[in-house]
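**Student:** One file is attached below, start-v4.txt, containing compact mmCIF, C-alpha atoms and all ligand atoms.
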# COMPACT_ATOMS: atom_id res chain seq x y z
CA MET O 142 -113.18 -163.69 -11.85
CA ALA O 143 -116.13 -162.27 -13.80
CA ASP O 144 -119.25 -164.20 -14.81
CA PHE O 145 -119.22 -165.52 -18.39
CA GLY O 146 -122.18 -166.17 -20.65
CA VAL O 147 -124.20 -165.30 -23.73
CA ASP O 148 -127.08 -163.56 -21.94
CA ILE O 149 -127.61 -160.23 -23.71
CA HIS O 150 -130.49 -159.31 -21.37
CA LYS O 151 -128.22 -159.68 -18.39
CA ALA O 152 -125.61 -157.56 -20.20
CA LYS O 153 -128.28 -154.95 -20.94
CA ALA O 154 -129.34 -154.74 -17.28
CA ILE O 155 -125.73 -154.29 -16.12
CA LEU O 156 -125.01 -151.62 -18.75
CA ALA O 157 -128.24 -149.76 -18.02
CA SER O 158 -127.22 -149.59 -14.35
CA GLY O 159 -123.99 -147.80 -15.31
CA GLU O 160 -121.66 -150.79 -14.94
CA LEU O 161 -119.30 -152.26 -17.55
CA VAL O 162 -119.39 -155.48 -19.57
CA GLY O 163 -116.68 -157.26 -21.56
CA LEU O 164 -117.94 -158.19 -25.00
CA PRO O 165 -116.83 -159.75 -28.26
CA THR O 166 -116.49 -157.96 -31.56
CA GLU O 167 -115.10 -159.42 -34.78
CA THR O 168 -111.87 -157.44 -34.21
CA VAL O 169 -111.00 -157.75 -30.50
CA TYR O 170 -112.94 -157.88 -27.21
CA GLY O 171 -114.22 -154.55 -25.94
CA LEU O 172 -114.72 -153.11 -22.46
CA ALA O 173 -118.16 -151.56 -22.89
CA GLY O 174 -120.20 -148.97 -21.04
CA ASN O 175 -123.14 -146.67 -21.80
CA GLY O 176 -121.60 -144.11 -24.18
CA PHE O 177 -124.08 -141.42 -23.13
CA ASP O 178 -123.33 -141.82 -19.41
CA GLU O 179 -120.28 -139.78 -18.27
CA ASP O 180 -119.87 -141.87 -15.14
CA ALA O 181 -119.86 -145.16 -17.04
CA VAL O 182 -117.35 -143.70 -19.49
CA ALA O 183 -115.16 -142.49 -16.62
CA LYS O 184 -115.22 -146.05 -15.24
CA ILE O 185 -113.87 -147.36 -18.55
CA PHE O 186 -110.82 -145.10 -18.26
CA GLU O 187 -110.32 -146.12 -14.66
CA VAL O 188 -110.61 -149.88 -15.24
CA LYS O 189 -108.22 -149.76 -18.20
CA ASN O 190 -105.89 -147.34 -16.49
CA ARG O 191 -106.12 -145.31 -19.66
CA PRO O 192 -105.14 -141.64 -19.96
CA ASN O 193 -108.11 -139.30 -20.40
CA PHE O 194 -106.68 -137.76 -23.55
CA ASP O 195 -107.28 -141.00 -25.46
CA PRO O 196 -110.79 -140.86 -27.00
CA LEU O 197 -113.13 -143.86 -27.30
CA ILE O 198 -115.12 -145.48 -30.12
CA LEU O 199 -118.93 -145.48 -29.96
CA HIS O 200 -120.55 -148.70 -31.20
CA ALA O 201 -124.09 -148.82 -32.58
CA SER O 202 -126.23 -151.37 -34.43
CA SER O 203 -127.27 -149.32 -37.46
CA VAL O 204 -126.65 -146.14 -39.44
CA ASP O 205 -129.96 -144.82 -38.10
CA ARG O 206 -128.68 -145.12 -34.56
CA VAL O 207 -125.36 -143.53 -35.56
CA GLU O 208 -127.27 -140.55 -36.90
CA GLY O 209 -128.56 -140.02 -33.36
CA PHE O 210 -125.12 -138.78 -32.26
CA VAL O 211 -123.32 -137.48 -35.38
CA THR O 212 -124.41 -134.39 -37.32
CA HIS O 213 -123.97 -136.17 -40.65
CA ILE O 214 -121.81 -138.69 -42.48
CA PRO O 215 -119.57 -136.66 -44.83
CA ALA O 216 -120.13 -137.54 -48.50
CA LYS O 217 -116.52 -138.68 -48.90
CA LEU O 218 -116.86 -141.23 -46.08
CA LYS O 219 -120.39 -142.43 -46.84
CA PRO O 220 -119.28 -144.99 -49.48
CA LEU O 221 -117.03 -146.60 -46.84
CA ALA O 222 -119.88 -146.85 -44.34
CA ASP O 223 -122.06 -148.38 -47.08
CA ALA O 224 -119.40 -150.87 -48.13
CA PHE O 225 -117.91 -151.97 -44.82
CA TRP O 226 -120.49 -151.60 -42.02
CA PRO O 227 -121.06 -153.78 -40.15
CA GLY O 228 -117.37 -154.63 -39.99
CA PRO O 229 -113.84 -153.75 -38.84
CA LEU O 230 -113.97 -150.10 -39.89
CA THR O 231 -114.15 -147.07 -37.57
CA LEU O 232 -115.06 -143.68 -39.05
CA LEU O 233 -114.28 -140.30 -37.46
CA LEU O 234 -117.50 -138.29 -37.82
CA PRO O 235 -118.69 -134.84 -36.69
CA ARG O 236 -120.31 -135.29 -33.29
CA LYS O 237 -123.56 -133.99 -31.94
CA SER O 238 -123.57 -132.30 -28.55
CA ASN O 239 -125.14 -135.33 -26.85
CA VAL O 240 -121.76 -137.11 -26.98
CA PRO O 241 -119.95 -136.61 -23.66
CA ASP O 242 -116.63 -134.72 -23.93
CA LEU O 243 -114.92 -137.56 -22.15
CA VAL O 244 -115.75 -139.90 -25.06
CA THR O 245 -114.05 -137.66 -27.63
CA SER O 246 -111.43 -136.00 -25.40
CA GLY O 247 -113.02 -132.74 -26.45
CA LEU O 248 -112.43 -133.30 -30.19
CA ASP O 249 -115.23 -132.29 -32.54
CA THR O 250 -115.27 -135.71 -34.19
CA VAL O 251 -116.41 -138.95 -32.61
CA ALA O 252 -115.07 -142.39 -33.60
CA VAL O 253 -117.92 -144.68 -34.67
CA ARG O 254 -118.25 -148.32 -35.59
CA ILE O 255 -120.98 -150.84 -36.36
CA PRO O 256 -119.47 -154.17 -35.35
CA SER O 257 -120.50 -157.39 -37.09
CA HIS O 258 -120.21 -159.91 -34.25
CA PRO O 259 -123.76 -161.38 -33.96
CA LEU O 260 -123.90 -161.48 -30.15
CA THR O 261 -122.85 -157.86 -29.74
CA ARG O 262 -125.07 -156.72 -32.59
CA SER O 263 -128.07 -158.32 -30.90
CA LEU O 264 -127.12 -156.57 -27.68
CA LEU O 265 -126.74 -153.19 -29.43
CA GLU O 266 -130.17 -153.64 -31.01
CA ILE O 267 -131.90 -153.91 -27.63
CA LEU O 268 -130.07 -150.94 -26.07
CA ASP O 269 -131.27 -147.36 -26.32
CA PHE O 270 -127.75 -145.96 -26.08
CA PRO O 271 -124.49 -146.59 -27.99
CA LEU O 272 -121.64 -148.46 -26.33
CA ALA O 273 -118.32 -146.78 -25.70
CA ALA O 274 -115.79 -149.59 -25.92
CA PRO O 275 -112.03 -149.59 -26.09
CA SER O 276 -110.18 -152.88 -26.35
CA ALA O 277 -110.61 -154.76 -23.06
CA ASN O 278 -106.98 -154.76 -21.96
CA PRO O 279 -104.95 -152.64 -19.57
CA PHE O 280 -103.68 -149.58 -21.46
CA GLY O 281 -100.63 -150.40 -23.60
CA TYR O 282 -100.90 -154.20 -23.32
CA ILE O 283 -101.90 -156.74 -26.00
CA SER O 284 -105.59 -156.60 -27.02
CA PRO O 285 -107.80 -159.58 -26.05
CA THR O 286 -109.19 -161.97 -28.67
CA LEU O 287 -110.79 -164.47 -26.26
CA ALA O 288 -113.17 -163.95 -23.32
CA ARG O 289 -110.53 -165.59 -21.13
CA HIS O 290 -108.03 -162.86 -22.00
CA VAL O 291 -110.47 -160.27 -20.69
CA ASP O 292 -111.05 -162.25 -17.52
CA ASP O 293 -107.31 -162.76 -16.93
CA GLN O 294 -106.67 -159.04 -16.77
CA LEU O 295 -109.90 -157.26 -15.93
CA GLY O 296 -112.04 -160.06 -14.46
CA ASP O 297 -111.92 -158.70 -10.92
CA LYS O 298 -113.08 -155.26 -12.05
CA ILE O 299 -116.14 -156.10 -14.16
CA PRO O 300 -119.23 -158.17 -13.31
CA TYR O 301 -119.89 -159.90 -16.64
CA ILE O 302 -118.24 -160.96 -19.90
CA LEU O 303 -120.26 -161.91 -22.95
CA ASP O 304 -118.45 -164.89 -24.41
CA GLY O 305 -118.54 -164.86 -28.19
CA GLY O 306 -115.62 -167.21 -28.81
CA GLN O 307 -112.44 -166.28 -30.63
CA CYS O 308 -112.48 -162.98 -32.56
CA ASP O 309 -112.56 -163.63 -36.28
CA VAL O 310 -110.34 -160.78 -37.44
CA GLY O 311 -108.01 -160.50 -34.45
CA LEU O 312 -106.75 -156.95 -35.11
CA GLU O 313 -108.45 -153.71 -34.03
CA SER O 314 -110.59 -151.85 -36.55
CA THR O 315 -109.05 -149.66 -39.23
CA ILE O 316 -109.71 -146.00 -38.33
CA VAL O 317 -110.51 -143.64 -41.21
CA GLY O 318 -111.31 -139.94 -41.14
CA LEU O 319 -110.91 -136.72 -43.09
CA GLU O 320 -107.69 -134.79 -42.63
CA ALA O 321 -107.96 -131.46 -44.45
CA GLU O 322 -110.80 -133.01 -46.50
CA GLU O 323 -108.61 -135.93 -47.56
CA ILE O 324 -109.60 -139.50 -46.67
CA THR O 325 -106.92 -140.63 -44.25
CA ILE O 326 -106.13 -143.80 -42.32
CA TYR O 327 -105.45 -142.94 -38.67
CA ARG O 328 -104.80 -146.50 -37.58
CA LEU O 329 -104.07 -149.56 -39.71
CA GLY O 330 -106.28 -152.46 -38.74
CA GLY O 331 -108.51 -155.36 -39.64
CA LEU O 332 -109.80 -153.86 -42.89
CA ASP O 333 -106.91 -153.74 -45.35
CA ILE O 334 -106.00 -150.69 -47.40
CA ALA O 335 -106.56 -152.36 -50.76
CA SER O 336 -110.21 -153.06 -49.89
CA ILE O 337 -110.73 -149.41 -48.91
CA GLU O 338 -108.97 -148.12 -52.03
CA GLN O 339 -111.20 -150.28 -54.22
CA VAL O 340 -114.11 -148.16 -53.01
CA VAL O 341 -112.68 -144.63 -52.74
CA GLY O 342 -109.41 -144.66 -54.70
CA GLU O 343 -105.99 -143.90 -53.30
CA ILE O 344 -105.84 -142.68 -49.72
CA LYS O 345 -103.31 -141.30 -47.27
CA VAL O 346 -101.92 -143.23 -44.31
CA MET O 347 -101.06 -141.03 -41.38
CA ALA O 348 -97.54 -141.44 -40.07
CA HIS O 349 -97.33 -142.62 -36.47
CA SER O 350 -96.49 -140.16 -33.85
CA SER O 351 -95.48 -140.80 -30.30
CA SER O 352 -95.89 -137.22 -29.19
CA ASN O 353 -99.19 -135.39 -29.09
CA PRO O 354 -100.98 -138.14 -30.96
CA LYS O 355 -104.34 -137.54 -32.57
CA ALA O 356 -105.06 -141.22 -31.97
CA PRO O 357 -103.06 -142.69 -29.12
CA GLY O 358 -103.63 -146.05 -30.81
CA GLN O 359 -100.80 -144.41 -32.74
CA LEU O 360 -98.55 -144.21 -29.71
CA LYS O 361 -95.35 -145.91 -30.68
CA SER O 362 -95.26 -148.36 -27.82
CA HIS O 363 -98.62 -150.06 -27.59
CA TYR O 364 -100.07 -153.55 -27.95
CA ALA O 365 -96.94 -154.67 -26.15
CA PRO O 366 -96.15 -157.83 -24.20
CA SER O 367 -94.35 -157.38 -20.89
CA LYS O 368 -91.26 -159.27 -22.11
CA PRO O 369 -88.75 -157.69 -24.47
CA PHE O 370 -90.00 -158.24 -28.00
CA VAL O 371 -87.38 -158.17 -30.77
CA ILE O 372 -88.12 -158.16 -34.49
CA GLY O 373 -85.74 -158.87 -37.35
CA ASN O 374 -84.45 -161.65 -39.55
CA ILE O 375 -85.60 -164.66 -37.55
CA ASP O 376 -82.70 -166.97 -38.53
CA GLU O 377 -80.13 -164.37 -37.52
CA LEU O 378 -81.98 -163.55 -34.30
CA VAL O 379 -82.23 -167.20 -33.30
CA ALA O 380 -78.53 -167.76 -34.06
CA SER O 381 -77.43 -164.74 -32.07
CA TYR O 382 -79.61 -165.42 -29.00
CA ARG O 383 -78.47 -169.05 -29.02
CA GLU O 384 -74.90 -167.86 -28.98
CA LYS O 385 -75.63 -165.53 -26.09
CA GLY O 386 -77.21 -168.44 -24.22
CA GLU O 387 -80.42 -166.49 -23.55
CA LYS O 388 -83.78 -168.23 -23.15
CA PHE O 389 -85.99 -167.13 -26.02
CA ALA O 390 -89.33 -167.87 -27.69
CA ILE O 391 -90.17 -167.25 -31.35
CA LEU O 392 -93.11 -165.96 -33.34
CA THR O 393 -93.09 -166.56 -37.11
CA LEU O 394 -95.50 -166.52 -40.02
CA GLN O 395 -94.67 -169.98 -41.39
CA LYS O 396 -91.16 -170.97 -40.49
CA ASP O 397 -90.65 -173.79 -38.04
CA PHE O 398 -87.57 -174.42 -35.91
CA PRO O 399 -88.13 -178.16 -35.34
CA GLU O 400 -85.48 -178.37 -32.64
CA MET O 401 -87.40 -175.88 -30.46
CA PRO O 402 -90.11 -177.11 -28.06
CA ASP O 403 -93.71 -176.38 -29.15
CA SER O 404 -94.35 -174.40 -25.99
CA LYS O 405 -91.80 -171.77 -27.03
CA LYS O 406 -92.90 -171.11 -30.56
CA VAL O 407 -95.94 -169.72 -32.30
CA ILE O 408 -96.29 -170.30 -36.04
CA LEU O 409 -99.09 -167.91 -37.02
CA SER O 410 -100.11 -169.64 -40.25
CA PRO O 411 -98.29 -172.68 -41.64
CA GLU O 412 -99.86 -171.87 -45.05
CA GLY O 413 -98.69 -168.26 -44.87
CA ASP O 414 -102.27 -166.94 -44.87
CA LEU O 415 -102.17 -163.38 -43.48
CA ARG O 416 -105.82 -163.45 -42.38
CA GLU O 417 -105.15 -166.50 -40.28
CA ALA O 418 -101.97 -164.86 -38.99
CA ALA O 419 -103.91 -161.74 -37.93
CA LYS O 420 -106.47 -163.87 -36.12
CA MET O 421 -103.76 -165.75 -34.19
CA LEU O 422 -101.38 -162.84 -33.53
CA PHE O 423 -102.48 -161.44 -30.15
CA ALA O 424 -103.30 -164.85 -28.64
CA GLY O 425 -99.87 -166.04 -29.79
CA MET O 426 -98.13 -163.03 -28.25
CA ARG O 427 -99.92 -163.64 -24.95
CA ILE O 428 -98.90 -167.31 -24.88
CA LEU O 429 -95.25 -166.45 -25.45
CA ASP O 430 -95.42 -163.67 -22.87
CA SER O 431 -96.36 -166.29 -20.27
CA VAL O 432 -93.67 -168.93 -20.91
CA ASP O 433 -90.34 -169.14 -19.15
CA VAL O 434 -88.11 -167.14 -21.49
CA SER O 435 -86.49 -163.73 -21.20
CA VAL O 436 -87.16 -162.49 -24.74
CA ILE O 437 -89.57 -163.05 -27.65
CA LEU O 438 -88.07 -163.04 -31.16
CA ALA O 439 -90.35 -162.30 -34.11
CA GLU O 440 -90.25 -161.74 -37.84
CA LEU O 441 -92.16 -159.20 -39.93
CA MET O 442 -94.87 -160.29 -42.40
CA PRO O 443 -94.94 -159.49 -46.12
CA GLU O 444 -96.21 -155.88 -46.52
CA GLU O 445 -99.43 -156.89 -48.30
CA GLY O 446 -103.06 -157.30 -47.25
CA LEU O 447 -103.31 -157.53 -43.46
CA GLY O 448 -99.52 -157.92 -43.30
CA ARG O 449 -99.18 -154.14 -43.04
CA ALA O 450 -101.41 -153.90 -39.99
CA ILE O 451 -99.77 -156.94 -38.38
CA ASN O 452 -96.35 -155.34 -38.92
CA ASP O 453 -97.62 -152.12 -37.36
CA ARG O 454 -98.56 -154.05 -34.21
CA LEU O 455 -95.31 -156.06 -34.19
CA LYS O 456 -93.24 -152.89 -34.49
CA ARG O 457 -95.09 -151.18 -31.67
CA ALA O 458 -94.83 -154.29 -29.50
CA SER O 459 -91.06 -154.03 -29.94
CA VAL O 460 -90.77 -150.43 -28.74
CA LYS O 461 -90.37 -149.68 -25.06
CA ASN O 462 -91.63 -146.39 -23.70
O1 LIG T 501 -111.59 -152.83 -33.14
C1 LIG T 501 -111.67 -151.86 -32.40
O2 LIG T 501 -111.62 -150.70 -32.82
C2 LIG T 501 -111.86 -152.14 -30.90
C3 LIG T 501 -113.22 -152.81 -30.72
C4 LIG T 501 -113.55 -153.06 -29.27
O3 LIG T 501 -114.22 -152.03 -31.33
N1 LIG T 501 -111.74 -150.94 -30.16
C5 LIG T 501 -110.57 -150.30 -30.01
O4 LIG T 501 -110.68 -149.18 -29.20
O5 LIG T 501 -109.53 -150.66 -30.50
P1 LIG T 501 -109.42 -148.45 -28.59
O6 LIG T 501 -110.02 -147.46 -27.64
O7 LIG T 501 -108.47 -149.44 -28.00
O8 LIG T 501 -108.81 -147.68 -29.78
C6 LIG T 501 -109.53 -146.59 -30.32
C7 LIG T 501 -108.60 -145.65 -31.01
C8 LIG T 501 -107.69 -144.93 -30.05
O9 LIG T 501 -106.39 -145.02 -30.54
C9 LIG T 501 -108.17 -143.49 -30.12
O10 LIG T 501 -107.13 -142.60 -29.94
C10 LIG T 501 -108.78 -143.40 -31.49
O11 LIG T 501 -109.38 -144.65 -31.65
N2 LIG T 501 -109.80 -142.34 -31.58
C11 LIG T 501 -110.99 -142.32 -30.96
N3 LIG T 501 -111.66 -141.20 -31.24
C12 LIG T 501 -110.89 -140.48 -32.06
C13 LIG T 501 -111.03 -139.22 -32.73
N4 LIG T 501 -112.12 -138.47 -32.57
N5 LIG T 501 -110.01 -138.80 -33.52
C14 LIG T 501 -108.90 -139.57 -33.68
N6 LIG T 501 -108.72 -140.77 -33.08
C15 LIG T 501 -109.69 -141.23 -32.29
MG MG T 502 -106.74 -150.47 -27.56
The structure given in the file should be rewritten as C-alpha cells.
**Tutor:**
Amino acid sequence: MADFGVDIHKAKAILASGELVGLPTETVYGLAGNGFDEDAVAKIFEVKNRPNFDPLILHASSVDRVEGFVTHIPAKLKPLADAFWPGPLTLLLPRKSNVPDLVTSGLDTVAVRIPSHPLTRSLLEILDFPLAAPSANPFGYISPTLARHVDDQLGDKIPYILDGGQCDVGLESTIVGLEAEEITIYRLGGLDIASIEQVVGEIKVMAHSSSNPKAPGQLKSHYAPSKPFVIGNIDELVASYREKGEKFAILTLQKDFPEMPDSKKVILSPEGDLREAAKMLFAGMRILDSVDVSVILAELMPEEGLGRAINDRLKRASVKN
C-alpha cells in the first residue's frame, strides 16, 4: 500500500528524487514522474507495464511553462488552448529537443495538457519540470477515478498518492492535433466535440486503428475490465443471459431492473445526465468487475455530448485482444 495525502511538498520531494507519484486530475488519476528525466519516464513505462511505443502526455501549470518545451503553439490550435486550458484537453504540439525521446516515442510532436485539478495545479506550480503522466492503471485496464483505484493496482510500486477525491470528469482528456494541417481529434474524451467546434468550426475525428496506432489510446481493446464485457440492447441481453442461466451484472444509463440485486447493477445516472454518467463510468465498471458474475452486460449511451466518448470506452471495453 502507498501513502496517501494532500502534501504537495512531499510529492515534490519524491518527484525531484526521480520517483513516481499518483495524482488526481479532473479527468482521471495520473502516474506522474519528472518529464525531463529519462529514468523517471522509463519507470512509468515499467510500473504500468506499458509498451514503449505509446507516448506520454506532459502536464504543466501554464502556457509559459509549456513554451519551455514546445517550439510554438500552431495558430490553428491556439484558440483551443485559450478556450479550454486548464481543462480536459490535450494538444499535440511541436516539441523542443529538451523533451526526452521516450516521452514522445520519437515523434516530433509532444502531447501537452494543463490540468485544472487544484491540488495538482498547485504541485505543478512549485515544480521546475513538467510531469509526464499516463493514467495510473496497468496498461489496457480501466482508468482510475479515485485514489483507492490507484492504490489497488499500483500501490506496492509507488511511494505516495496525492488524494484529490473523485475525478470530476471521469474520462481521459480529448486529444487534438493537426493532421495534414487539419484540426483532428485523436482520442475522444472529457471535452465534447460540440464545445470544440463552437470555437474552431467543424473538425475531423480520426478513425480508430488497432494496428500501428498513432495514439495507442486508440488501440481497439483498452480501458477494459477483466471480465467479458458485452454491449447491446440491454433488455435483450438480460433476457438471453437469463435464459442461458449465466451469472451477469448490468451497467445502464438510467434503466433499472428492480428484480436484480443492487450489488450487480450500476445505473450511471438515474436522470440520464451524460456528465454524471461519464463521472461514474470507470468506478462503475470496476465495481462490476469485482462482483461474483461471469459477464458484464451494458448498453450504449445516446451519441450526443459526452455520450460519444463514453460509447468509445464502452466499445473498447467490449473488445478482447
Ligand atoms: O486525461 C488524460 O489525458 C490522462 C491524465 C492523467 O492527464 N492521461 C492519459 O494518458 O490518459 P495516457 O498515457 O493514458 O494516454 C495518452 C494518450 C495515449 O493514447 C498516447 O498514445 C497519446 O496520448 N499520445 C501521446 N503523445 C502523442 C503524440 N505525440 N501523438 C499522438 N498521440 C499521442
Ligand atoms: Mg491510459
**Student:** At a cut-off of 6 Å around ligand LIG 501 (chain T), and using all atoms listed in the file, what residues come up? Please write them as a list in words.
**Tutor:**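 Based on all atoms listed in the file, ligand LIG 501 (chain T) is surrounded within 6 Å by Thr168, Val169, Tyr170, Gly171, Asp195, Pro196, Leu197, Ile198, Leu233, Thr245, Leu248, Thr250, Val251, Ala252, Ala274, Pro275, Ser276, Glu313, Ser314, Lys355, Ala356, Pro357 and Gly358 of chain O.
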**Student:** Which of these residues is nearest to Ala418 of chain O, using only C-alpha atoms: O:Met442, O:Val188, O:Cys308, O:Met142?
**Tutor:**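 Among the listed residues, O:Met442 lies closest to Ala418 of chain O.
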**Student:** Residues at most 7 Å from Glu167 of chain O, counting only C-alpha atoms, excluding those fewer than 2 positions away in the same chain, as a ChimeraX atom specification?
**Tutor:** /O:165,169,256-258,308-310
**Student:** Distance cut-off 9 Å, centre (-123.1, -160.6, -29.8) in file coordinates, counting all atoms listed in the file: which residues qualify? Return them as a ChimeraX atom specification.
**Tutor:** /O:147,149,164-166,257-265,303-305
**Student:** What box, with edges along x, y and z, holds each listed atom of segment 144-152 of chain O when 8 Å is added on every side, and can you state its centre and edge lengths in Å to one decimal, as JSON?
**Tutor:**
{"center_x": -124.9, "center_y": -161.9, "center_z": -19.3, "size_x": 27.3, "size_y": 24.6, "size_z": 24.9}
**Student:** Which is closest to ligand MG 502 (chain T) among O:Pro192, O:Gly318, O:Pro399, O:Pro227, if we use only C-alpha atoms and all ligand atoms?
**Tutor:**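 With only C-alpha atoms and all ligand atoms as the atom set, the closest residue is O:Pro192.
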**Student:** Measure the distance from atom CA of Lys385 of chain O to atom CA of Leu438 of chain O in Å and round it to one decimal.
**Tutor:**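 Distance between the two atoms: 13.7 Å.
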**Student:** Around (-119.2, -139.7, -28.4) in the file's frame, which residues reach within 12 Å when counting all atoms listed in the file? Return as a ChimeraX atom specification?
**Tutor:** /O:174-179,182,196-201,207-212,233-254,270-274
**Student:** Quote the spacing between atom CA of Lys298 of chain O and atom CA of Ile283 of chain O in Å to one decimal place.
**Tutor:** 17.9 Å
**Student:** Find the nearest atom pair between each residue of segment 248-305 of chain O and segment 154-159 of chain O for residues within 10 Å, count only C-alpha atoms, give distances in Å to one decimal, sort rows by chain and ascending number, and present the table as a tab-separated table.
**Tutor:**
residue	atom	partner	partner_atom	distance
O:Leu268	CA	O:Ala157	CA	8.3
O:Asp269	CA	O:Ala157	CA	9.2
O:Phe270	CA	O:Ala157	CA	8.9
O:Leu272	CA	O:Leu156	CA	8.9
O:Ile299	CA	O:Ile155	CA	10.0
O:Pro300	CA	O:Ile155	CA	8.1
O:Tyr301	CA	O:Ile155	CA	8.1
**Student:** For each of O:Ile391, O:Ile451, O:Leu172, O:Met421, take the minimum atom-to-atom distance to ligand MG 502 (chain T), counting only C-alpha atoms and all ligand atoms, then give the residue where this is smallest.
**Tutor:**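 The shortest atom-to-atom distance to ligand MG 502 (chain T) comes from O:Leu172.
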